[in-house]
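K.L.:
Below is the structure I would like to discuss, written out as C-alpha coordinates.
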Amino acid sequence: MSMLRVIGGSARGQKLSAVPGDTTRPITDRVKESLFNIIGVDIQGSVMLDLFAGTGAVGIEALSRGAAWVRFIDNHHLPVKTVRQNLQHTKLADQAEVLQMDAFAVLDQISNRRFDYVYIAPPQYKGLWKKALIEVDVRPDLMNKFAWVIVQIDPVEDEPVELVSLEEFDRRRYGSTLLIFYVLAS
(Lines give C-alpha, C1' and ligand atoms only; values in the text may rest on other atoms or scores of the structure.)
Protein backbone atom coordinates (compact mmCIF):
# COMPACT_ATOMS: atom_id res chain seq x y z
CA MET A 1 0.00 0.00 0.00
CA SER A 2 1.24 3.49 -0.77
CA MET A 3 2.03 5.93 1.99
CA LEU A 4 -0.89 7.96 3.30
CA ARG A 5 -0.33 11.69 3.26
CA VAL A 6 -2.04 15.04 3.03
CA ILE A 7 -1.66 16.26 -0.56
CA GLY A 8 -2.76 19.89 -0.36
CA GLY A 9 -3.25 22.88 1.91
CA SER A 10 -1.80 23.80 5.29
CA ALA A 11 -0.81 20.23 6.25
CA ARG A 12 0.49 19.32 2.78
CA GLY A 13 3.09 16.57 2.84
CA GLN A 14 2.22 15.41 6.38
CA LYS A 15 2.21 11.62 6.68
CA LEU A 16 -0.94 9.99 8.03
CA SER A 17 -1.04 6.80 10.06
CA ALA A 18 -2.93 3.86 8.61
CA VAL A 19 -5.42 1.89 10.65
CA PRO A 20 -3.74 -1.36 11.78
CA GLY A 21 -5.09 -4.47 10.03
CA ASP A 22 -7.23 -4.60 6.92
CA THR A 23 -10.54 -3.19 8.15
CA THR A 24 -10.28 0.05 6.16
CA ARG A 25 -9.55 0.89 2.53
CA PRO A 26 -7.76 4.23 2.44
CA ILE A 27 -8.46 6.51 -0.49
CA THR A 28 -5.60 6.75 -2.99
CA ASP A 29 -3.82 10.04 -3.62
CA ARG A 30 -5.11 10.02 -7.21
CA VAL A 31 -8.75 9.74 -6.13
CA LYS A 32 -8.29 12.24 -3.29
CA GLU A 33 -6.63 14.75 -5.64
CA SER A 34 -9.45 14.34 -8.16
CA LEU A 35 -12.12 14.67 -5.47
CA PHE A 36 -10.70 17.94 -4.17
CA ASN A 37 -10.16 19.26 -7.70
CA ILE A 38 -13.89 18.71 -8.28
CA ILE A 39 -14.85 20.41 -5.00
CA GLY A 40 -12.34 23.21 -5.59
CA VAL A 41 -12.30 26.36 -3.47
CA ASP A 42 -15.83 25.66 -2.21
CA ILE A 43 -14.22 23.53 0.51
CA GLN A 44 -13.01 26.72 2.21
CA GLY A 45 -15.12 27.54 5.26
CA SER A 46 -17.28 24.44 4.78
CA VAL A 47 -18.51 21.88 7.32
CA MET A 48 -18.16 18.16 6.54
CA LEU A 49 -19.56 14.94 7.94
CA ASP A 50 -17.25 11.96 7.33
CA LEU A 51 -19.54 9.02 8.14
CA PHE A 52 -17.13 6.08 7.92
CA ALA A 53 -13.92 7.91 8.76
CA GLY A 54 -11.32 5.11 8.65
CA THR A 55 -7.96 6.94 8.73
CA GLY A 56 -9.65 10.35 8.50
CA ALA A 57 -7.77 11.07 5.27
CA VAL A 58 -10.70 12.73 3.44
CA GLY A 59 -11.81 14.94 6.32
CA ILE A 60 -8.22 15.86 7.17
CA GLU A 61 -7.59 16.77 3.54
CA ALA A 62 -10.70 18.98 3.68
CA LEU A 63 -9.44 20.71 6.84
CA SER A 64 -5.97 21.16 5.35
CA ARG A 65 -7.56 22.83 2.33
CA GLY A 66 -9.61 25.28 4.40
CA ALA A 67 -12.74 23.51 5.65
CA ALA A 68 -13.92 25.10 8.90
CA TRP A 69 -14.90 21.92 10.74
CA VAL A 70 -15.30 18.16 10.26
CA ARG A 71 -17.23 15.57 12.29
CA PHE A 72 -15.59 12.14 11.94
CA ILE A 73 -17.69 9.05 12.70
CA ASP A 74 -16.40 5.50 12.94
CA ASN A 75 -17.85 2.53 14.77
CA HIS A 76 -14.53 0.94 15.69
CA HIS A 77 -11.86 1.80 18.25
CA LEU A 78 -8.77 1.51 16.00
CA PRO A 79 -10.00 3.88 13.25
CA VAL A 80 -11.15 6.41 15.89
CA LYS A 81 -7.75 6.25 17.59
CA THR A 82 -6.03 6.61 14.19
CA VAL A 83 -8.15 9.64 13.20
CA ARG A 84 -7.32 11.33 16.53
CA GLN A 85 -3.59 10.64 16.05
CA ASN A 86 -3.70 11.98 12.49
CA LEU A 87 -5.55 15.12 13.60
CA GLN A 88 -2.98 15.74 16.35
CA HIS A 89 -0.10 15.15 13.95
CA THR A 90 -1.49 17.59 11.36
CA LYS A 91 -2.42 20.12 14.09
CA LEU A 92 -6.03 20.17 12.92
CA ALA A 93 -7.66 18.57 15.98
CA ASP A 94 -9.26 21.81 17.20
CA GLN A 95 -11.39 21.93 14.03
CA ALA A 96 -12.77 18.44 14.41
CA GLU A 97 -15.00 16.18 16.44
CA VAL A 98 -14.28 12.43 16.42
CA LEU A 99 -17.06 10.13 17.58
CA GLN A 100 -16.91 6.38 18.04
CA MET A 101 -20.45 5.61 17.00
CA ASP A 102 -22.41 3.63 14.47
CA ALA A 103 -23.01 5.84 11.42
CA PHE A 104 -26.64 4.76 11.26
CA ALA A 105 -27.19 5.69 14.92
CA VAL A 106 -25.75 9.13 14.13
CA LEU A 107 -28.14 9.49 11.20
CA ASP A 108 -31.08 8.67 13.49
CA GLN A 109 -30.24 11.53 15.86
CA ILE A 110 -31.15 15.19 15.65
CA SER A 111 -28.06 16.99 14.40
CA ASN A 112 -26.79 20.20 15.97
CA ARG A 113 -25.09 21.06 12.67
CA ARG A 114 -25.90 21.33 9.02
CA PHE A 115 -23.26 20.05 6.64
CA ASP A 116 -21.96 21.27 3.29
CA TYR A 117 -20.44 17.87 2.50
CA VAL A 118 -21.45 14.39 3.62
CA TYR A 119 -18.84 11.77 2.71
CA ILE A 120 -19.94 8.13 2.60
CA ALA A 121 -17.16 5.52 2.16
CA PRO A 122 -18.22 2.47 4.20
CA PRO A 123 -16.71 -1.00 4.27
CA GLN A 124 -17.18 -2.51 0.82
CA TYR A 125 -19.46 -5.23 -0.53
CA LYS A 126 -22.00 -5.07 2.28
CA GLY A 127 -24.53 -2.66 0.75
CA LEU A 128 -23.75 -0.14 3.49
CA TRP A 129 -23.22 2.72 1.03
CA LYS A 130 -26.76 2.35 -0.27
CA LYS A 131 -28.25 2.08 3.23
CA ALA A 132 -26.29 5.17 4.35
CA LEU A 133 -27.25 7.16 1.24
CA ILE A 134 -30.95 6.33 1.75
CA GLU A 135 -30.66 7.40 5.42
CA VAL A 136 -29.04 10.71 4.41
CA ASP A 137 -31.66 11.16 1.68
CA VAL A 138 -34.48 11.19 4.25
CA ARG A 139 -32.57 13.70 6.40
CA PRO A 140 -32.35 16.88 4.28
CA ASP A 141 -32.23 18.73 7.62
CA LEU A 142 -28.62 17.48 7.92
CA MET A 143 -27.57 19.53 4.92
CA ASN A 144 -27.20 23.12 3.88
CA LYS A 145 -29.09 24.17 0.75
CA PHE A 146 -26.20 23.58 -1.66
CA ALA A 147 -24.71 20.56 0.12
CA TRP A 148 -23.06 17.68 -1.69
CA VAL A 149 -23.31 14.05 -0.67
CA ILE A 150 -20.37 12.06 -2.02
CA VAL A 151 -20.27 8.27 -2.12
CA GLN A 152 -17.03 6.30 -2.59
CA ILE A 153 -17.54 2.68 -3.66
CA ASP A 154 -16.05 -0.06 -5.79
CA PRO A 155 -17.77 0.13 -9.22
CA VAL A 156 -18.98 -3.48 -8.84
CA GLU A 157 -21.20 -2.26 -5.97
CA ASP A 158 -22.94 0.33 -8.15
CA GLU A 159 -26.68 -0.14 -8.50
CA PRO A 160 -29.68 2.17 -8.85
CA VAL A 161 -30.98 3.83 -5.68
CA GLU A 162 -34.46 5.32 -5.23
CA LEU A 163 -34.01 8.75 -3.67
CA VAL A 164 -36.49 11.40 -2.55
CA SER A 165 -34.41 14.47 -1.59
CA LEU A 166 -31.15 13.88 -3.45
CA GLU A 167 -30.28 13.66 -7.12
CA GLU A 168 -27.08 12.46 -8.72
CA PHE A 169 -25.21 15.14 -10.66
CA ASP A 170 -21.85 13.53 -11.43
CA ARG A 171 -19.87 10.30 -11.21
CA ARG A 172 -16.19 9.63 -11.78
CA ARG A 173 -14.41 6.30 -11.99
CA TYR A 174 -10.74 5.87 -11.06
CA GLY A 175 -9.82 2.21 -11.50
CA SER A 176 -11.49 0.29 -8.68
CA THR A 177 -12.95 3.44 -7.11
CA LEU A 178 -16.17 5.16 -8.12
CA LEU A 179 -17.17 8.57 -6.74
CA ILE A 180 -20.86 9.49 -7.07
CA PHE A 181 -21.98 13.04 -6.32
CA TYR A 182 -25.45 14.09 -5.19
CA VAL A 183 -27.17 17.41 -4.40
CA LEU A 184 -30.53 18.24 -2.88
CA ALA A 185 -33.15 18.20 -5.62
CA SER A 186 -34.52 21.67 -6.29
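Ligands are numbered from 1 in the order shown, chains are lettered A, B, ... in the order of the C-alpha coordinates, and residues start at 1 in each chain.
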For Leu178 (chain A), list every protein, DNA or RNA residue within 9 Å, evaluated using only C-alpha atoms, and leave out those in the same chain fewer than 3 positions away; present the list as a VMD selection string.

P.N.:
chain A and resid 31 151 to 155 158 171 to 175

K.L.:
Compare A:Phe72, A:Phe36, A:Phe104, A:Trp148 by their minimum atom-to-atom distance to Trp129 (chain A), counting only C-alpha atoms, and give me the closest one.

P.N.:
A:Phe104

K.L.:
Can you measure CA of Arg5 (chain A) to CA of Ala67 (chain A) for me? One decimal in Å is fine.

P.N.:
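So the two atoms, CA of Arg5 (chain A) and CA of Ala67 (chain A), lie 17.3 Å apart.
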
K.L.:
I'd like the interatomic distance between CA of Ala68 (chain A) and CA of Glu168 (chain A), to a tenth of an Å.

P.N.:
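About the pair CA of Ala68 (chain A) and CA of Glu168 (chain A): they are 25.4 Å apart.
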
K.L.:
Identify which of the residues A:Leu92, A:Ile27, A:Ala11, A:Ile150 lies closest to Ile39 (chain A), counting only C-alpha atoms when measuring atom-to-atom distances.

P.N.:
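Of A:Leu92, A:Ile27, A:Ala11, A:Ile150, the one nearest Ile39 (chain A) is A:Ile150, counting only C-alpha atoms.
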
K.L.:
Against region 112-125 of chain A, which residues of region 62-91 of chain A fall within 10 Å? For each one I want the closest pair of atoms and the distance in Å (one decimal), counting only C-alpha atoms, rows by chain and increasing residue number, as a tab-separated table.

P.N.:
```
residue	atom	partner	partner_atom	distance
A:Ala62	CA	A:Tyr117	CA	9.9
A:Ala67	CA	A:Asp116	CA	9.8
A:Trp69	CA	A:Phe115	CA	9.5
A:Val70	CA	A:Phe115	CA	9.0
A:Arg71	CA	A:Phe115	CA	9.4
A:Phe72	CA	A:Tyr119	CA	9.8
A:Asp74	CA	A:Pro122	CA	9.4
```

K.L.:
Could those residues be written to a file, using N, CA and C atoms, as a short mmCIF file (atom, residue, chain, number, x, y, z; two decimals), in the first residue's frame?

P.N.:
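Output file result-v1.cif follows:
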```cif
data_model
loop_
_atom_site.label_atom_id
_atom_site.label_comp_id
_atom_site.auth_asym_id
_atom_site.auth_seq_id
_atom_site.Cartn_x
_atom_site.Cartn_y
_atom_site.Cartn_z
N ALA A 62 -9.76 17.85 3.73
CA ALA A 62 -10.70 18.98 3.68
C ALA A 62 -10.26 20.09 4.63
N ALA A 67 -11.44 23.77 5.03
CA ALA A 67 -12.74 23.51 5.65
C ALA A 67 -12.71 24.04 7.08
N TRP A 69 -14.66 22.91 9.69
CA TRP A 69 -14.90 21.92 10.74
C TRP A 69 -15.34 20.60 10.12
N VAL A 70 -14.91 19.49 10.73
CA VAL A 70 -15.30 18.16 10.26
C VAL A 70 -15.71 17.30 11.46
N ARG A 71 -16.82 16.59 11.31
CA ARG A 71 -17.23 15.57 12.29
C ARG A 71 -16.90 14.21 11.68
N PHE A 72 -16.01 13.47 12.37
CA PHE A 72 -15.59 12.14 11.94
C PHE A 72 -16.36 11.10 12.73
N ASP A 74 -16.76 6.88 13.24
CA ASP A 74 -16.40 5.50 12.94
C ASP A 74 -16.86 4.64 14.10
#
```

K.L.:
Apply DSSP to the structure's backbone, then extract all residues of region 43-144 of chain A labelled strand (DSSP E or B) and return them as a list in words.

P.N.:
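Secondary structure check on region 43-144 of chain A, strand (DSSP E or B): Val47, Met48, Leu49, Asp50, Trp69, Val70, Arg71, Phe72, Ile73, Asp74, Ala96, Glu97, Val98, Leu99, Gln100, Phe115, Asp116, Tyr117, Val118, Tyr119, Ile120, Met143 and Asn144 of chain A.
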
K.L.:
What's the 10 Å shell around Leu4 (chain A), counting only C-alpha atoms, without same-chain residues fewer than 5 positions away, as a PyMOL selection string?

P.N.:
chain A and resi 13-18+26-29+55+57

K.L.:
Put those residues in a file: N, CA and C atoms, as an mmCIF file, in the first residue's frame.

P.N.:
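File result-v4.cif, as written:
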```cif
data_model
loop_
_atom_site.group_PDB
_atom_site.id
_atom_site.type_symbol
_atom_site.label_atom_id
_atom_site.label_comp_id
_atom_site.auth_asym_id
_atom_site.auth_seq_id
_atom_site.Cartn_x
_atom_site.Cartn_y
_atom_site.Cartn_z
ATOM 1 N N GLY A 13 1.877 17.345 2.649
ATOM 2 C CA GLY A 13 3.093 16.566 2.843
ATOM 3 C C GLY A 13 3.149 15.811 4.159
ATOM 4 N N GLN A 14 2.237 16.115 5.091
ATOM 5 C CA GLN A 14 2.224 15.411 6.382
ATOM 6 C C GLN A 14 1.805 13.957 6.165
ATOM 7 N N LYS A 15 2.555 13.038 6.754
ATOM 8 C CA LYS A 15 2.208 11.619 6.680
ATOM 9 C C LYS A 15 1.046 11.335 7.626
ATOM 10 N N LEU A 16 0.185 10.424 7.203
ATOM 11 C CA LEU A 16 -0.937 9.993 8.028
ATOM 12 C C LEU A 16 -0.746 8.528 8.391
ATOM 13 N N SER A 17 -1.100 8.196 9.627
ATOM 14 C CA SER A 17 -1.036 6.804 10.058
ATOM 15 C C SER A 17 -2.170 6.014 9.429
ATOM 16 N N ALA A 18 -1.895 4.768 9.096
ATOM 17 C CA ALA A 18 -2.929 3.859 8.606
ATOM 18 C C ALA A 18 -3.558 3.157 9.803
ATOM 19 N N PRO A 26 -8.072 2.808 2.597
ATOM 20 C CA PRO A 26 -7.756 4.225 2.441
ATOM 21 C C PRO A 26 -7.874 4.683 0.987
ATOM 22 N N ILE A 27 -8.333 5.886 0.828
ATOM 23 C CA ILE A 27 -8.461 6.506 -0.488
ATOM 24 C C ILE A 27 -7.065 6.734 -1.067
ATOM 25 N N THR A 28 -6.905 6.526 -2.360
ATOM 26 C CA THR A 28 -5.603 6.748 -2.992
ATOM 27 C C THR A 28 -5.383 8.243 -3.225
ATOM 28 N N ASP A 29 -4.129 8.628 -3.345
ATOM 29 C CA ASP A 29 -3.823 10.037 -3.624
ATOM 30 C C ASP A 29 -4.500 10.507 -4.901
ATOM 31 N N THR A 55 -9.174 6.227 8.308
ATOM 32 C CA THR A 55 -7.957 6.940 8.727
ATOM 33 C C THR A 55 -8.210 8.428 8.948
ATOM 34 N N ALA A 57 -8.505 10.412 6.351
ATOM 35 C CA ALA A 57 -7.768 11.075 5.269
ATOM 36 C C ALA A 57 -8.599 12.099 4.493
#
```

K.L.:
From a DSSP pass on the backbone, collect the residues of chain A flagged as alpha helix (DSSP H) and hand them back as an MDAnalysis selection string.

P.N.:
chainID A and resid 29:39 57:64 77:89 103:108 128:137

K.L.:
By how many Å are CA of Pro160 (chain A) and CA of Lys130 (chain A) apart?

P.N.:
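If I compute the distance from CA of Pro160 (chain A) to CA of Lys130 (chain A), I get 9.1 Å.
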
K.L.:
Under the rule that only C-alpha atoms are counted, which of A:Val106, A:Pro20, A:Glu167, A:Ala132 is the nearest residue to Phe181 (chain A)?

P.N.:
A:Glu167

K.L.:
Which of these, A:Gly66, A:Ala103, A:Met48, A:Ala53, has the shortest distance to Ala147 (chain A) once you count only C-alpha atoms?

P.N.:
A:Met48

K.L.:
Which is closer to Lys131 (chain A) than all the others in A:Val98, A:Val58, A:Leu107, A:Phe146, using only C-alpha atoms?

P.N.:
A:Leu107

K.L.:
May I ask which of the residues A:Met101, A:Leu51, A:Ile110, A:Leu35 is the closest one to Asn75 (chain A), counting only C-alpha atoms?

P.N.:
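Comparing A:Met101, A:Leu51, A:Ile110, A:Leu35 against Asn75 (chain A), the winner is A:Met101.
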